[in-house]
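To be precise, the following lines are entry.cif, and they hold mmCIF, C-alpha atoms.
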```cif
data_protein
loop_
_atom_site.group_PDB
_atom_site.id
_atom_site.type_symbol
_atom_site.label_atom_id
_atom_site.label_comp_id
_atom_site.auth_asym_id
_atom_site.auth_seq_id
_atom_site.Cartn_x
_atom_site.Cartn_y
_atom_site.Cartn_z
ATOM 1 C CA MET A 21 40.488 1.923 -46.599
ATOM 2 C CA PHE A 22 38.597 3.959 -43.997
ATOM 3 C CA ARG A 23 38.458 4.123 -40.215
ATOM 4 C CA SER A 24 38.036 0.574 -38.949
ATOM 5 C CA LYS A 25 35.008 1.457 -36.818
ATOM 6 C CA PHE A 26 32.952 1.763 -40.003
ATOM 7 C CA ARG A 27 33.996 -1.627 -41.355
ATOM 8 C CA GLU A 28 31.133 -4.074 -41.883
ATOM 9 C CA ALA A 29 31.513 -7.285 -39.904
ATOM 10 C CA GLU A 30 30.708 -9.420 -42.945
ATOM 11 C CA ASP A 31 33.390 -7.631 -44.934
ATOM 12 C CA SER A 32 36.248 -8.808 -42.730
ATOM 13 C CA GLY A 33 37.675 -10.923 -45.548
ATOM 14 C CA HIS A 34 38.811 -7.890 -47.532
ATOM 15 C CA ALA A 35 42.107 -6.145 -46.926
ATOM 16 C CA LEU A 36 41.769 -2.857 -45.081
ATOM 17 C CA TYR A 37 44.177 -0.240 -46.428
ATOM 18 C CA GLY A 38 44.935 2.849 -44.394
ATOM 19 C CA ALA A 39 45.394 6.258 -45.949
ATOM 20 C CA ARG A 40 49.143 6.093 -45.300
ATOM 21 C CA GLN A 41 49.420 2.764 -47.118
ATOM 22 C CA ILE A 42 47.517 4.199 -50.062
ATOM 23 C CA ARG A 43 49.915 7.145 -50.140
ATOM 24 C CA ASP A 44 52.960 4.854 -50.150
ATOM 25 C CA ILE A 45 51.479 2.718 -52.937
ATOM 26 C CA ARG A 46 50.690 5.747 -55.078
ATOM 27 C CA MET A 47 54.108 7.272 -54.563
ATOM 28 C CA LYS A 48 55.817 4.019 -55.544
ATOM 29 C CA LEU A 49 53.688 3.728 -58.676
ATOM 30 C CA LEU A 50 54.489 7.336 -59.599
ATOM 31 C CA GLY A 51 58.181 6.877 -58.918
ATOM 32 C CA ILE A 52 58.206 9.398 -56.069
ATOM 33 C CA PRO A 53 60.776 8.674 -53.324
ATOM 34 C CA LEU A 54 58.951 7.725 -50.119
ATOM 35 C CA ASP A 55 61.363 9.865 -48.106
ATOM 36 C CA LEU A 56 60.766 12.934 -50.252
ATOM 37 C CA VAL A 57 60.187 15.957 -48.023
ATOM 38 C CA ARG A 58 57.740 18.660 -49.083
ATOM 39 C CA SER A 59 59.207 22.038 -49.860
ATOM 40 C CA ARG A 60 59.007 24.560 -47.037
ATOM 41 C CA LYS A 61 56.129 26.554 -48.394
ATOM 42 C CA GLN A 62 52.414 26.828 -47.802
ATOM 43 C CA PRO A 63 50.438 24.077 -49.527
ATOM 44 C CA PRO A 64 47.227 24.849 -51.447
ATOM 45 C CA LEU A 65 44.585 26.396 -49.205
ATOM 46 C CA ILE A 66 40.877 25.687 -49.707
ATOM 47 C CA VAL A 67 38.448 27.821 -47.707
ATOM 48 C CA GLY A 68 34.868 26.551 -47.710
ATOM 49 C CA ARG A 69 32.538 29.533 -47.704
ATOM 50 C CA THR A 70 28.883 30.445 -48.000
ATOM 51 C CA ALA A 71 26.790 33.481 -47.200
ATOM 52 C CA LYS A 72 23.872 31.290 -46.081
ATOM 53 C CA GLY A 73 23.721 28.356 -43.697
ATOM 54 C CA GLY A 74 22.093 25.005 -44.423
ATOM 55 C CA VAL A 75 23.648 24.439 -47.860
ATOM 56 C CA GLY A 76 25.785 21.477 -46.790
ATOM 57 C CA LYS A 77 29.127 23.294 -46.813
ATOM 58 C CA THR A 78 30.512 21.234 -43.933
ATOM 59 C CA THR A 79 29.374 18.026 -45.619
ATOM 60 C CA ILE A 80 31.254 18.954 -48.790
ATOM 61 C CA VAL A 81 34.369 20.048 -46.891
ATOM 62 C CA GLY A 82 34.475 17.007 -44.591
ATOM 63 C CA ASN A 83 33.850 14.470 -47.331
ATOM 64 C CA ALA A 84 36.317 16.063 -49.751
ATOM 65 C CA ALA A 85 38.978 16.013 -47.022
ATOM 66 C CA THR A 86 38.260 12.340 -46.366
ATOM 67 C CA CYS A 87 38.469 11.551 -50.070
ATOM 68 C CA LEU A 88 41.750 13.429 -50.440
ATOM 69 C CA ALA A 89 43.285 11.565 -47.494
ATOM 70 C CA LEU A 90 42.100 8.219 -48.859
ATOM 71 C CA SER A 91 43.668 9.193 -52.187
ATOM 72 C CA GLY A 92 47.042 9.485 -50.496
ATOM 73 C CA TYR A 93 47.241 13.218 -49.789
ATOM 74 C CA LYS A 94 48.180 14.567 -46.365
ATOM 75 C CA VAL A 95 45.319 16.820 -45.287
ATOM 76 C CA LEU A 96 44.934 19.371 -42.511
ATOM 77 C CA LEU A 97 41.332 20.281 -41.723
ATOM 78 C CA ILE A 98 40.578 23.435 -39.756
ATOM 79 C CA ASP A 99 37.146 23.964 -38.236
ATOM 80 C CA GLY A 100 36.666 27.711 -38.513
ATOM 81 C CA ASP A 101 33.009 27.704 -37.470
ATOM 82 C CA PRO A 102 32.029 28.249 -33.790
ATOM 83 C CA GLN A 103 29.118 25.852 -34.343
ATOM 84 C CA ALA A 104 31.801 23.118 -34.548
ATOM 85 C CA THR A 105 29.771 21.016 -36.977
ATOM 86 C CA LEU A 106 32.900 19.761 -38.728
ATOM 87 C CA THR A 107 34.411 18.834 -35.371
ATOM 88 C CA GLY A 108 31.337 16.794 -34.498
ATOM 89 C CA LEU A 109 31.294 15.165 -37.931
ATOM 90 C CA PHE A 110 34.541 13.410 -37.051
ATOM 91 C CA GLY A 111 33.270 12.159 -33.705
ATOM 92 C CA ILE A 112 34.764 14.790 -31.396
ATOM 93 C CA ASP A 113 32.464 15.878 -28.567
ATOM 94 C CA TRP A 114 33.557 19.494 -28.254
ATOM 95 C CA LEU A 115 31.114 20.120 -25.391
ATOM 96 C CA ASN A 116 33.031 17.770 -23.111
ATOM 97 C CA GLU A 117 36.567 17.924 -24.473
ATOM 98 C CA ASP A 118 39.392 20.402 -24.028
ATOM 99 C CA ILE A 119 39.616 22.187 -27.390
ATOM 100 C CA THR A 120 42.247 24.632 -28.608
ATOM 101 C CA HIS A 121 40.662 26.234 -31.662
ATOM 102 C CA ILE A 122 42.159 28.186 -34.546
ATOM 103 C CA GLY A 123 41.023 31.506 -33.056
ATOM 104 C CA GLU A 124 43.113 30.850 -29.949
ATOM 105 C CA LEU A 125 46.100 29.920 -32.115
ATOM 106 C CA MET A 126 45.773 33.151 -34.099
ATOM 107 C CA LYS A 127 45.462 35.119 -30.858
ATOM 108 C CA ARG A 128 48.675 33.589 -29.474
ATOM 109 C CA ALA A 129 50.520 34.308 -32.716
ATOM 110 C CA SER A 130 49.317 37.946 -32.719
ATOM 111 C CA GLN A 131 50.634 38.333 -29.151
ATOM 112 C CA LYS A 132 54.022 36.868 -30.127
ATOM 113 C CA LEU A 133 53.415 33.891 -27.846
ATOM 114 C CA PRO A 134 54.249 30.247 -28.627
ATOM 115 C CA THR A 135 51.202 28.784 -30.340
ATOM 116 C CA ASN A 136 51.842 25.132 -29.383
ATOM 117 C CA ILE A 137 49.936 24.364 -32.553
ATOM 118 C CA LYS A 138 50.771 20.649 -32.563
ATOM 119 C CA SER A 139 48.930 20.190 -29.275
ATOM 120 C CA ALA A 140 45.743 21.554 -30.883
ATOM 121 C CA VAL A 141 45.675 18.851 -33.567
ATOM 122 C CA ARG A 142 43.369 15.834 -33.350
ATOM 123 C CA PRO A 143 44.520 12.984 -35.623
ATOM 124 C CA ILE A 144 41.688 11.450 -37.635
ATOM 125 C CA TYR A 145 43.844 9.097 -39.732
ATOM 126 C CA GLU A 146 47.208 7.928 -38.471
ATOM 127 C CA GLY A 147 50.471 9.121 -39.928
ATOM 128 C CA GLY A 148 49.274 12.709 -40.310
ATOM 129 C CA MET A 149 47.123 11.757 -43.300
ATOM 130 C CA LEU A 150 44.064 13.562 -41.957
ATOM 131 C CA ASP A 151 44.481 15.926 -39.028
ATOM 132 C CA LEU A 152 41.883 18.271 -37.575
ATOM 133 C CA ILE A 153 42.165 21.480 -35.594
ATOM 134 C CA PRO A 154 38.720 21.412 -33.954
ATOM 135 C CA ALA A 155 36.419 24.215 -32.841
ATOM 136 C CA ASP A 156 34.003 24.994 -30.058
ATOM 137 C CA ILE A 157 31.508 27.727 -29.278
ATOM 138 C CA THR A 158 34.119 29.914 -27.535
ATOM 139 C CA MET A 159 35.536 30.772 -30.945
ATOM 140 C CA ALA A 160 32.484 33.006 -31.458
ATOM 141 C CA ASP A 161 34.155 35.544 -29.160
ATOM 142 C CA ASP A 162 36.464 37.268 -31.611
ATOM 143 C CA SER A 163 36.578 40.543 -29.651
ATOM 144 C CA TRP A 164 40.363 40.182 -29.383
ATOM 145 C CA LEU A 165 40.496 40.798 -33.130
ATOM 146 C CA ILE A 166 38.806 44.193 -32.927
ATOM 147 C CA GLY A 167 41.749 46.153 -31.560
ATOM 148 C CA LEU A 168 44.415 44.188 -33.373
ATOM 149 C CA MET A 169 46.671 45.922 -35.866
ATOM 150 C CA ASN A 170 46.037 44.548 -39.377
ATOM 151 C CA ARG A 171 43.425 42.260 -37.851
ATOM 152 C CA GLU A 172 42.316 40.836 -41.193
ATOM 153 C CA GLN A 173 45.818 39.384 -41.575
ATOM 154 C CA ALA A 174 45.656 37.303 -38.381
ATOM 155 C CA PHE A 175 45.379 33.947 -40.161
ATOM 156 C CA VAL A 176 48.008 34.934 -42.725
ATOM 157 C CA ARG A 177 50.402 35.703 -39.862
ATOM 158 C CA LEU A 178 49.723 32.327 -38.256
ATOM 159 C CA LEU A 179 50.410 30.556 -41.537
ATOM 160 C CA GLU A 180 53.696 32.408 -41.863
ATOM 161 C CA GLN A 181 54.771 31.954 -38.242
ATOM 162 C CA GLU A 182 54.052 28.208 -38.259
ATOM 163 C CA LEU A 183 55.194 27.486 -41.800
ATOM 164 C CA ASP A 184 57.189 24.431 -40.729
ATOM 165 C CA PHE A 185 54.012 22.892 -39.328
ATOM 166 C CA PHE A 186 51.685 23.777 -42.202
ATOM 167 C CA SER A 187 54.154 22.818 -44.937
ATOM 168 C CA GLN A 188 54.071 19.142 -43.935
ATOM 169 C CA TYR A 189 50.605 18.811 -45.527
ATOM 170 C CA ASP A 190 49.659 18.548 -49.185
ATOM 171 C CA VAL A 191 46.549 20.680 -48.682
ATOM 172 C CA ILE A 192 44.881 22.759 -45.954
ATOM 173 C CA ILE A 193 41.082 22.954 -45.869
ATOM 174 C CA VAL A 194 39.172 25.455 -43.732
ATOM 175 C CA ASP A 195 35.467 25.205 -42.961
ATOM 176 C CA SER A 196 34.524 28.810 -42.237
ATOM 177 C CA ALA A 197 31.310 30.061 -40.665
ATOM 178 C CA PRO A 198 28.375 31.149 -42.861
ATOM 179 C CA GLY A 199 27.531 34.810 -43.132
ATOM 180 C CA SER A 200 29.892 37.729 -42.709
ATOM 181 C CA SER A 201 32.244 37.955 -39.744
ATOM 182 C CA LEU A 202 35.711 39.266 -39.024
ATOM 183 C CA LEU A 203 36.950 35.725 -38.366
ATOM 184 C CA ALA A 204 35.640 34.522 -41.722
ATOM 185 C CA THR A 205 37.349 37.460 -43.409
ATOM 186 C CA THR A 206 40.734 36.416 -42.002
ATOM 187 C CA PHE A 207 40.359 33.033 -43.723
ATOM 188 C CA MET A 208 39.216 34.581 -46.988
ATOM 189 C CA LEU A 209 42.174 36.948 -47.050
ATOM 190 C CA ALA A 210 44.615 34.043 -46.771
ATOM 191 C CA CYS A 211 43.422 32.171 -49.844
ATOM 192 C CA LYS A 212 43.364 32.769 -53.575
ATOM 193 C CA LEU A 213 40.304 30.741 -54.541
ATOM 194 C CA LEU A 214 37.246 30.401 -52.307
ATOM 195 C CA LEU A 215 35.169 27.241 -52.448
ATOM 196 C CA ALA A 216 31.587 28.520 -52.330
ATOM 197 C CA VAL A 217 28.858 25.937 -51.737
ATOM 198 C CA VAL A 218 25.334 26.728 -52.917
ATOM 199 C CA THR A 219 22.084 24.841 -53.336
ATOM 200 C CA PRO A 220 19.800 25.277 -56.365
ATOM 201 C CA GLU A 221 17.332 27.351 -54.363
ATOM 202 C CA PRO A 222 16.422 31.056 -54.549
ATOM 203 C CA HIS A 223 17.693 32.116 -51.100
ATOM 204 C CA SER A 224 21.001 30.340 -51.564
ATOM 205 C CA ILE A 225 21.555 31.892 -54.971
ATOM 206 C CA ALA A 226 20.602 35.343 -53.650
ATOM 207 C CA ALA A 227 23.169 34.910 -50.870
ATOM 208 C CA MET A 228 25.857 34.601 -53.540
ATOM 209 C CA ASP A 229 25.449 38.358 -54.086
ATOM 210 C CA VAL A 230 26.450 38.928 -50.455
ATOM 211 C CA LEU A 231 29.518 36.721 -50.872
ATOM 212 C CA ALA A 232 30.413 38.471 -54.130
ATOM 213 C CA SER A 233 30.196 41.798 -52.288
ATOM 214 C CA ASN A 234 32.560 40.514 -49.577
ATOM 215 C CA VAL A 235 35.041 39.348 -52.185
ATOM 216 C CA HIS A 236 34.858 42.719 -53.971
ATOM 217 C CA GLU A 237 35.526 44.552 -50.693
ATOM 218 C CA ILE A 238 38.598 42.409 -50.015
ATOM 219 C CA ASN A 239 39.951 42.919 -53.514
ATOM 220 C CA SER A 240 39.398 46.672 -53.260
ATOM 221 C CA ALA A 241 40.837 47.077 -49.773
ATOM 222 C CA PHE A 242 43.879 44.817 -50.168
ATOM 223 C CA LYS A 243 45.386 45.660 -53.523
ATOM 224 C CA ASN A 244 48.814 44.487 -52.406
ATOM 225 C CA ARG A 245 47.675 40.874 -52.501
ATOM 226 C CA GLU A 246 49.238 38.537 -55.032
ATOM 227 C CA GLY A 247 46.287 38.475 -57.431
ATOM 228 C CA ASN A 248 42.610 39.030 -56.701
ATOM 229 C CA LEU A 249 40.551 36.663 -54.593
ATOM 230 C CA GLU A 250 38.395 34.484 -56.859
ATOM 231 C CA VAL A 251 35.447 32.135 -56.279
ATOM 232 C CA HIS A 252 34.814 28.546 -57.317
ATOM 233 C CA ILE A 253 31.210 27.325 -56.922
ATOM 234 C CA VAL A 254 30.051 23.826 -55.988
ATOM 235 C CA VAL A 255 26.340 23.065 -56.316
ATOM 236 C CA ASN A 256 25.053 20.757 -53.586
ATOM 237 C CA LYS A 257 21.759 18.998 -52.719
ATOM 238 C CA TYR A 258 20.563 18.906 -56.326
ATOM 239 C CA ASN A 259 17.426 16.853 -57.053
ATOM 240 C CA GLN A 260 16.831 16.469 -60.768
ATOM 241 C CA THR A 261 13.204 15.388 -60.203
ATOM 242 C CA LYS A 262 12.335 18.826 -58.806
ATOM 243 C CA LYS A 263 11.479 21.357 -61.465
ATOM 244 C CA PRO A 264 12.499 24.367 -59.301
ATOM 245 C CA HIS A 265 15.944 22.784 -58.822
ATOM 246 C CA ASN A 266 16.391 22.465 -62.571
ATOM 247 C CA GLU A 267 15.309 26.055 -63.065
ATOM 248 C CA MET A 268 17.625 27.357 -60.338
ATOM 249 C CA LEU A 269 20.525 25.299 -61.683
ATOM 250 C CA ALA A 270 19.949 26.891 -65.081
ATOM 251 C CA THR A 271 19.982 30.311 -63.385
ATOM 252 C CA LEU A 272 23.269 29.511 -61.659
ATOM 253 C CA THR A 273 24.993 28.278 -64.805
ATOM 254 C CA ALA A 274 23.785 31.312 -66.744
ATOM 255 C CA ARG A 275 24.956 33.740 -64.060
ATOM 256 C CA TYR A 276 28.286 32.041 -63.299
ATOM 257 C CA PRO A 277 29.152 30.070 -66.444
ATOM 258 C CA THR A 278 32.914 29.888 -65.896
ATOM 259 C CA ILE A 279 33.266 29.311 -62.163
ATOM 260 C CA ILE A 280 30.827 26.455 -61.430
ATOM 261 C CA ASN A 281 32.285 23.008 -60.889
ATOM 262 C CA ASP A 282 31.139 20.511 -63.517
ATOM 263 C CA VAL A 283 30.311 17.996 -60.770
ATOM 264 C CA ILE A 284 26.887 18.609 -59.251
ATOM 265 C CA VAL A 285 26.480 16.875 -55.882
ATOM 266 C CA ARG A 286 23.066 15.260 -55.731
ATOM 267 C CA ASP A 287 20.679 15.265 -52.790
ATOM 268 C CA PHE A 288 21.381 12.002 -50.970
ATOM 269 C CA VAL A 289 19.759 10.813 -47.756
ATOM 270 C CA GLY A 290 23.029 9.250 -46.605
ATOM 271 C CA PHE A 291 24.387 12.700 -45.886
ATOM 272 C CA LEU A 292 21.746 12.976 -43.159
ATOM 273 C CA ARG A 293 23.068 9.772 -41.593
ATOM 274 C CA GLU A 294 26.571 11.148 -41.104
ATOM 275 C CA ALA A 295 25.919 12.536 -37.634
ATOM 276 C CA ASP A 296 24.003 11.269 -34.605
ATOM 277 C CA PRO A 297 23.628 13.924 -31.883
ATOM 278 C CA ASN A 298 22.942 11.192 -29.332
ATOM 279 C CA GLU A 299 26.061 9.174 -30.170
ATOM 280 C CA ILE A 300 28.717 11.545 -31.498
ATOM 281 C CA ARG A 301 31.477 8.937 -31.502
ATOM 282 C CA THR A 302 29.673 7.086 -34.308
ATOM 283 C CA ASN A 303 29.756 10.138 -36.600
ATOM 284 C CA GLY A 304 31.598 9.938 -39.881
ATOM 285 C CA THR A 305 31.470 11.042 -43.495
ATOM 286 C CA VAL A 306 29.429 9.354 -46.208
ATOM 287 C CA LEU A 307 32.650 8.308 -47.896
ATOM 288 C CA GLU A 308 33.487 6.287 -44.777
ATOM 289 C CA LYS A 309 30.035 5.022 -43.845
ATOM 290 C CA GLU A 310 28.587 4.356 -47.303
ATOM 291 C CA PRO A 311 31.581 4.200 -49.681
ATOM 292 C CA ASN A 312 29.610 2.542 -52.480
ATOM 293 C CA SER A 313 26.706 4.999 -52.469
ATOM 294 C CA VAL A 314 25.767 7.587 -55.081
ATOM 295 C CA GLY A 315 26.683 10.266 -52.556
ATOM 296 C CA ALA A 316 30.190 8.870 -52.220
ATOM 297 C CA ARG A 317 30.473 8.664 -56.008
ATOM 298 C CA ASP A 318 29.645 12.355 -56.353
ATOM 299 C CA ILE A 319 32.188 13.243 -53.661
ATOM 300 C CA ILE A 320 34.897 11.218 -55.402
ATOM 301 C CA ASP A 321 34.202 12.930 -58.723
ATOM 302 C CA LEU A 322 34.122 16.337 -57.037
ATOM 303 C CA THR A 323 37.401 15.694 -55.235
ATOM 304 C CA LYS A 324 39.125 14.689 -58.470
ATOM 305 C CA SER A 325 38.120 18.025 -59.954
ATOM 306 C CA LEU A 326 39.327 19.926 -56.879
ATOM 307 C CA ILE A 327 42.731 18.222 -57.072
ATOM 308 C CA LYS A 328 43.157 19.698 -60.535
ATOM 309 C CA ARG A 329 41.579 23.067 -59.764
ATOM 310 C CA TYR A 330 43.725 23.697 -56.679
ATOM 311 C CA ASP A 331 46.824 21.941 -58.039
ATOM 312 C CA ILE A 332 47.121 19.523 -55.104
ATOM 313 C CA ARG A 333 50.179 17.267 -55.402
ATOM 314 C CA LEU A 334 51.615 14.339 -53.472
ATOM 315 C CA ALA A 335 54.519 15.748 -51.453
ATOM 316 C CA ASP A 336 54.419 18.726 -53.842
ATOM 317 C CA TYR A 337 56.091 16.447 -56.385
ATOM 318 C CA ARG A 338 56.436 17.692 -59.932
ATOM 319 C CA PRO A 339 58.064 15.435 -62.534
ATOM 320 C CA GLY A 340 61.641 16.569 -63.051
ATOM 321 C CA VAL A 341 61.546 18.879 -60.027
ATOM 322 C CA GLU A 342 62.548 17.710 -56.563
ATOM 323 C CA ALA A 343 60.380 18.971 -53.717
ATOM 324 C CA GLY A 344 62.298 21.573 -51.777
ATOM 325 C CA ALA A 345 64.323 22.607 -54.825
#
```

Mind turning this structure into structure tokens?
Amino acid sequence: MFRSKFREAEDSGHALYGARQIRDIRMKLLGIPLDLVRSRKQPPLIVGRTAKGGVGKTTIVGNAATCLALSGYKVLLIDGDPQATLTGLFGIDWLNEDITHIGELMKRASQKLPTNIKSAVRPIYEGGMLDLIPADITMADDSWLIGLMNREQAFVRLLEQELDFFSQYDVIIVDSAPGSSLLATTFMLACKLLLAVVTPEPHSIAAMDVLASNVHEINSAFKNREGNLEVHIVVNKYNQTKKPHNEMLATLTARYPTIINDVIVRDFVGFLREADPNEIRTNGTVLEKEPNSVGARDIIDLTKSLIKRYDIRLADYRPGVEAGA
């Protein structure tokens, strides 16, 4: 049930289910018509965010997207970080490939030009189950945003202009760059609930104050939004054998008692095996490479909680309500 390149040779006797097959099976079991078309509206948007690098944000985003796709949901991943770590995680060598990144798509939309957004998509799983809009280092040049009218709304405008494209997915997930930048702000402004990844370490927790300040600025400056921007925290790289980790986790839960996810993702060495800089094509998420590991188990539990928290639904199906009604 993952990309065939990660299949163990000795496991060839087991059936290999693709994400699309899993979706069809789930929809049949739930009594959802296979030809049901999603309503023409934006699906739930998850923006992965952190004020400090090195916390494993891309690992959480990439693995959660994989888990969602392998649970039958149609997922669009957007690499919003010029470092292109998410792009590399899925085996795309952005240094040697022709990339059209999300910044370029927003620029075209702002200039009233055709975005050709479909040509920017790299399919990870067939059938549109997991698609990626990749990134490269050229996205760091966001100077075009500076003189743009309502520049913070650039991503919102793209979502609106290409609604037919975006509405085909059950969820959109953006991996934004760490720290504060104008590009990151455009992603934040488009969502209702940020997914903030932190580690149980002093510098990571202190960086939450910076993120909280950014959120406060957005809520103060854009009062015409439909509700305030809120934050949902995921704790990553937790090692229960380390006393400082236990102390910092206690600090986090005391400071943010209502917005921390109940699932704590443990420190797992398999996450370090996801990417090989010398052989990018072999890269892949823990859920694909080591599906029976403790790391994969944490990701599965986390993803289940995110499905509920962000109200992610197969084909936007609600019992008694037809999609598109």

Could you tell me how far atom CA of Ser91 of chain A lies from atom CA of Leu109 of chain A, in Å and to one decimal?
->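 Atom-to-atom, atom CA of Ser91 of chain A to atom CA of Leu109 of chain A, that is 19.8 Å.
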
Of the residues A:Asn281, A:Asn298, A:Asn266, A:Asn170, which is the one nearest to Pro222 of chain A, using all atoms listed in the file?
->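 Looking at the shortest contact to Pro222 of chain A, the residue is A:Asn266.
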
Selection result of the PyMOL selection byres ((chain A and resi 326) around 12) on this file, as number ranges by chain = A: 64-66, 80-81, 84-85, 87-88, 191, 193, 213-215, 252-254, 280-283, 319-325, 327-333

Pick from A:Gly51, A:Gly76, A:Gly199, A:Gly68: nearest to Ala216 of chain A, with all atoms listed in the file counted?
->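 The closest residue to Ala216 of chain A is A:Gly68.
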
Run through the PyMOL selection byres ((chain A and resi 137) around 9) on the given coordinates and return the selected residues as an mmCIF file with C-alpha atoms, keeping the file's coordinate frame.
```cif
data_model
loop_
_atom_site.group_PDB
_atom_site.id
_atom_site.type_symbol
_atom_site.label_atom_id
_atom_site.label_comp_id
_atom_site.auth_asym_id
_atom_site.auth_seq_id
_atom_site.Cartn_x
_atom_site.Cartn_y
_atom_site.Cartn_z
ATOM 1 C CA THR A 120 42.247 24.632 -28.608
ATOM 2 C CA ILE A 122 42.159 28.186 -34.546
ATOM 3 C CA LEU A 125 46.100 29.920 -32.115
ATOM 4 C CA PRO A 134 54.249 30.247 -28.627
ATOM 5 C CA THR A 135 51.202 28.784 -30.340
ATOM 6 C CA ASN A 136 51.842 25.132 -29.383
ATOM 7 C CA LYS A 138 50.771 20.649 -32.563
ATOM 8 C CA SER A 139 48.930 20.190 -29.275
ATOM 9 C CA ALA A 140 45.743 21.554 -30.883
ATOM 10 C CA VAL A 141 45.675 18.851 -33.567
ATOM 11 C CA ILE A 153 42.165 21.480 -35.594
ATOM 12 C CA GLU A 182 54.052 28.208 -38.259
ATOM 13 C CA PHE A 185 54.012 22.892 -39.328
#
```

Which one is closest to Ala160 of chain A: A:Ser201, A:Asn303, A:Thr219, A:Asn244? Count all atoms listed in the file.
->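 Of the candidates, the smallest distance to Ala160 of chain A is held by A:Ser201.
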
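In this model, the gap between atom CA of Val230 of chain A and atom CA of Lys77 of chain A comes to 16.3 Å.
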
Can you tell me, as a list of chain:residue names, what residues are no more than 9 Å from Gly290 of chain A when counting all atoms listed in the file, ignoring any on the same chain fewer than 6 positions away?
-> A:Val306, A:Lys309, A:Glu310, A:Ser313, A:Gly315

The PyMOL selection byres ((chain A and resi 174) around 9) resolved against shown file, as a PyMOL selection string = chain A and resi 126-127+129-130+165+168+170-173+175-179+203+206-207

For Thr261 of chain A, which of A:Ala104, A:Ala274, A:Trp164, A:Asp287 is the closest residue, counting only C-alpha atoms?
-> A:Asp287

Nearest to Asp151 of chain A, restricted to all atoms listed in the file and choosing among A:Met268, A:Leu106, A:Leu96, A:Met47, comes out as A:Leu96
